[in-house]
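Content type compact mmCIF, C-alpha atoms, from the file structure25.txt:
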# COMPACT_ATOMS: atom_id res chain seq x y z
CA MET E 1 3.29 -21.39 7.02
CA ARG E 2 6.27 -20.70 4.76
CA GLN E 3 5.61 -16.97 4.87
CA PHE E 4 5.60 -17.03 8.66
CA ARG E 5 9.00 -18.74 8.72
CA TRP E 6 10.36 -16.15 6.32
CA CYS E 7 9.17 -13.36 8.61
CA GLN E 8 10.78 -15.11 11.58
CA TYR E 9 14.05 -15.34 9.68
CA ILE E 10 14.01 -11.63 8.82
CA ALA E 11 13.11 -10.67 12.39
CA GLY E 12 15.79 -12.98 13.77
CA THR E 13 18.53 -11.38 11.67
CA VAL E 14 17.48 -7.72 11.76
CA PHE E 15 16.46 -7.22 15.38
CA PRO E 16 19.68 -8.56 16.98
CA PHE E 17 21.57 -6.18 14.74
CA PHE E 18 19.64 -3.24 16.17
CA ARG E 19 20.04 -4.52 19.73
CA ARG E 20 23.83 -4.40 19.40
CA MET E 21 23.83 -0.81 18.10
CA ARG E 22 24.61 2.00 20.51
CA LEU E 23 21.88 4.53 21.21
CA ILE E 24 23.72 7.29 19.37
CA ASP E 25 24.03 5.06 16.30
CA LYS E 26 20.29 4.29 16.39
CA ILE E 27 19.48 8.00 16.59
CA ALA E 28 21.86 8.81 13.72
CA LEU E 29 20.34 6.04 11.57
CA GLY E 30 16.84 7.24 12.39
CA LEU E 31 17.65 10.83 11.45
CA LEU E 32 19.31 9.70 8.25
CA LEU E 33 16.27 7.63 7.24
CA ALA E 34 13.90 10.47 8.18
CA GLY E 35 15.93 12.86 6.02
CA VAL E 36 15.80 10.47 3.08
CA PHE E 37 12.04 9.99 3.38
CA ILE E 38 11.36 13.71 3.73
CA SER E 39 13.61 14.71 0.85
CA THR E 40 12.12 12.17 -1.54
CA GLY E 41 8.57 13.13 -0.66
CA CYS E 42 8.92 16.88 -0.99
CA GLY E 43 9.65 19.23 -3.83
CA SER E 44 8.91 17.22 -6.94
CA ASP E 45 5.14 17.64 -7.29
CA LYS E 46 3.83 21.08 -8.02
CA TYR E 47 0.26 22.21 -8.05
CA PRO E 48 -1.05 23.76 -11.23
CA THR E 49 -0.76 27.53 -11.37
CA GLU E 50 -3.94 29.45 -10.81
CA MET E 51 -5.76 30.77 -13.82
CA SER E 52 -8.60 33.25 -14.07
CA LEU E 53 -11.67 32.53 -16.16
CA GLU E 54 -10.95 35.61 -18.24
CA ASP E 55 -7.45 34.42 -19.14
CA ALA E 56 -8.30 30.75 -19.65
CA PRO E 57 -9.45 30.95 -23.31
CA ASP E 58 -6.29 32.79 -24.41
CA ILE E 59 -3.97 30.54 -22.43
CA ILE E 60 -5.59 27.35 -23.75
CA SER E 61 -5.54 28.68 -27.32
CA GLU E 62 -1.85 29.47 -27.02
CA ALA E 63 -1.02 26.06 -25.53
CA PHE E 64 -2.76 24.14 -28.31
CA LYS E 65 -2.07 26.37 -31.32
CA ASP E 66 0.67 24.06 -32.68
CA GLU E 67 -1.13 20.80 -31.85
CA LYS E 68 -0.73 18.28 -34.66
CA ASP E 69 -3.60 15.96 -33.66
CA ALA E 70 -6.78 17.36 -35.23
CA ASP E 71 -9.08 15.80 -32.62
CA ILE E 72 -7.16 17.30 -29.72
CA LYS E 73 -7.02 20.68 -31.43
CA ALA E 74 -10.78 20.53 -32.09
CA MET E 75 -11.50 19.74 -28.43
CA ALA E 76 -9.26 22.59 -27.29
CA THR E 77 -11.00 24.97 -29.72
CA LYS E 78 -14.40 23.79 -28.44
CA ALA E 79 -13.31 24.37 -24.83
CA VAL E 80 -12.13 27.88 -25.71
CA GLN E 81 -15.44 28.66 -27.43
CA LEU E 82 -17.44 27.38 -24.44
CA LEU E 83 -15.33 29.35 -21.97
CA THR E 84 -15.71 32.49 -24.08
CA ALA E 85 -19.49 31.95 -24.17
CA GLN E 86 -19.43 31.40 -20.37
CA ASN E 87 -21.01 27.96 -20.76
CA TYR E 88 -19.09 26.55 -17.83
CA THR E 89 -20.94 23.25 -17.48
CA ALA E 90 -20.15 22.22 -21.05
CA ALA E 91 -16.64 23.67 -20.83
CA HIS E 92 -15.93 21.63 -17.71
CA GLY E 93 -16.96 18.44 -19.52
CA VAL E 94 -14.83 19.20 -22.58
CA LEU E 95 -11.83 20.16 -20.46
CA ASN E 96 -12.10 16.89 -18.52
CA GLN E 97 -12.35 14.96 -21.80
CA LEU E 98 -9.29 16.74 -23.09
CA LEU E 99 -7.44 16.10 -19.85
CA SER E 100 -8.01 12.35 -20.23
CA VAL E 101 -6.08 12.24 -23.53
CA PRO E 102 -2.88 10.28 -22.77
CA SER E 103 -0.70 11.91 -25.44
CA LEU E 104 -0.79 15.43 -23.96
CA ALA E 105 2.44 17.11 -22.94
CA LYS E 106 3.02 17.70 -19.23
CA GLU E 107 2.68 21.48 -19.69
CA GLN E 108 -0.64 21.04 -21.48
CA ARG E 109 -1.88 18.66 -18.79
CA ASP E 110 -0.90 21.09 -16.01
CA LEU E 111 -2.59 23.95 -17.80
CA LEU E 112 -5.78 21.95 -18.32
CA SER E 113 -5.78 20.88 -14.66
CA SER E 114 -5.66 24.51 -13.66
CA ALA E 115 -8.49 25.37 -16.03
CA VAL E 116 -10.64 22.49 -14.75
CA MET E 117 -10.13 23.61 -11.15
CA THR E 118 -11.00 27.21 -12.03
CA VAL E 119 -14.17 26.21 -13.87
CA ALA E 120 -15.14 23.82 -11.05
CA GLU E 121 -14.81 26.67 -8.56
CA LYS E 122 -17.09 28.81 -10.71
CA LEU E 123 -19.62 25.97 -10.96
CA ASN E 124 -19.58 25.47 -7.19
CA GLN E 125 -20.14 29.19 -6.65
CA ALA E 126 -23.00 29.20 -9.14
CA ALA E 127 -24.61 26.17 -7.48
CA GLU E 128 -24.33 27.81 -4.06
CA GLN E 129 -26.01 30.93 -5.45
CA GLY E 130 -28.94 28.83 -6.67
CA ASN E 131 -28.08 28.16 -10.31
CA PRO E 132 -30.08 25.00 -11.09
CA GLN E 133 -28.00 24.01 -14.15
CA ALA E 134 -24.73 24.14 -12.23
CA ASP E 135 -26.28 22.29 -9.30
CA GLN E 136 -27.67 19.56 -11.54
CA TYR E 137 -24.37 19.21 -13.41
CA LEU E 138 -22.38 18.87 -10.19
CA LYS E 139 -24.83 16.29 -8.85
CA GLN E 140 -24.56 14.27 -12.07
CA ARG E 141 -20.76 14.41 -11.90
CA SER E 142 -20.74 13.22 -8.29
CA PHE E 143 -23.04 10.27 -9.06
CA GLY E 144 -20.76 9.19 -11.91
CA LYS E 145 -17.78 8.72 -9.58

For this file, write the structure as structure tokens.
Amino acid sequence: MRQFRWCQYIAGTVFPFFRRMRLIDKIALGLLLAGVFISTGCGSDKYPTEMSLEDAPDIISEAFKDEKDADIKAMATKAVQLLTAQNYTAAHGVLNQLLSVPSLAKEQRDLLSSAVMTVAEKLNQAAEQGNPQADQYLKQRSFGK
């Protein structure tokens, strides 16, 4: 009941304010608020840059060459080896594991996101073309979510 009274109080103070405003003032306020909402929602988030499967091993190696954490460096090296060997199902798993590490830099995280998307595209193509390993892997991944 208290919450309802609070809502009545807010409505009783805000709505009369808007009733007294001229139409032009209401339009100006609406445009101002729309501009604020649009400007805060746009421009800050960027999608990861696209990466080809051929370039992925070199790009990942370069991004993690100075990594101080031995475990992270080992996972990155393993991902590079799997991508080079074209073992995309295992590479996708390792890349996702690596992506879940909280201490990664933003650039590393963006790069890994791009690599995961590229490998996932390749796995989807392989599954559509009848590759049973890719199809089984994708089905297992979807059941785990």

Pick from E:Ile59, E:Leu98, E:Arg20, E:His92, whichever lies nearest to Ala74 of chain E using all atoms listed in the file: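 Checking each of E:Ile59, E:Leu98, E:Arg20, E:His92 against Ala74 of chain E, counting all atoms listed in the file, the winner is E:Leu98.
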
Shortest interatomic distance to Ala127 of chain E - which of E:Arg109, E:Arg22, E:Lys139, E:Lys65, counting all atoms listed in the file: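 Answer, going by the shortest atom-to-atom distance: E:Lys139.
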
Who sits within 7 Å of Thr84 of chain E, all atoms listed in the file, same chain under 3 positions skipped, as a PyMOL selection string: chain E and resi 57+80-81

Atom CA of Lys78 of chain E to atom CA of Glu107 of chain E, straight-line distance in Å: 19.3 Å

Local residues around (1.4, 22.3, -27.8), at most 9 Å away, using all atoms listed in the file, as a PyMOL selection string: chain E and resi 62-68+104-105+107-108

Please produce a file of the residues just selected, as an mmCIF file, in the frame of the given file, where the atoms kept are C-alpha atoms.
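Contents of the output file out-v8.cif:
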data_model
loop_
_atom_site.group_PDB
_atom_site.id
_atom_site.type_symbol
_atom_site.label_atom_id
_atom_site.label_comp_id
_atom_site.auth_asym_id
_atom_site.auth_seq_id
_atom_site.Cartn_x
_atom_site.Cartn_y
_atom_site.Cartn_z
ATOM 1 C CA GLU E 62 -1.850 29.470 -27.020
ATOM 2 C CA ALA E 63 -1.020 26.060 -25.530
ATOM 3 C CA PHE E 64 -2.760 24.140 -28.310
ATOM 4 C CA LYS E 65 -2.070 26.370 -31.320
ATOM 5 C CA ASP E 66 0.670 24.060 -32.680
ATOM 6 C CA GLU E 67 -1.130 20.800 -31.850
ATOM 7 C CA LYS E 68 -0.730 18.280 -34.660
ATOM 8 C CA LEU E 104 -0.790 15.430 -23.960
ATOM 9 C CA ALA E 105 2.440 17.110 -22.940
ATOM 10 C CA GLU E 107 2.680 21.480 -19.690
ATOM 11 C CA GLN E 108 -0.640 21.040 -21.480
#

Atom pair atom CA of Ala134 of chain E / atom CA of Thr118 of chain E: separation (Å):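 The value is 14.1 Å.
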
Nearest candidate to Ala56 of chain E (options E:Ala79, E:Lys106, E:Ile27, E:Gly93; using all atoms listed in the file):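 Closest residue, counting all atoms listed in the file: E:Ala79.
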
Between atom CA of Glu128 of chain E and atom CA of Ala76 of chain E - distance in Å to one decimal: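 Taking atom CA of Ala76 of chain E and atom CA of Glu128 of chain E, their separation equals 28.2 Å.
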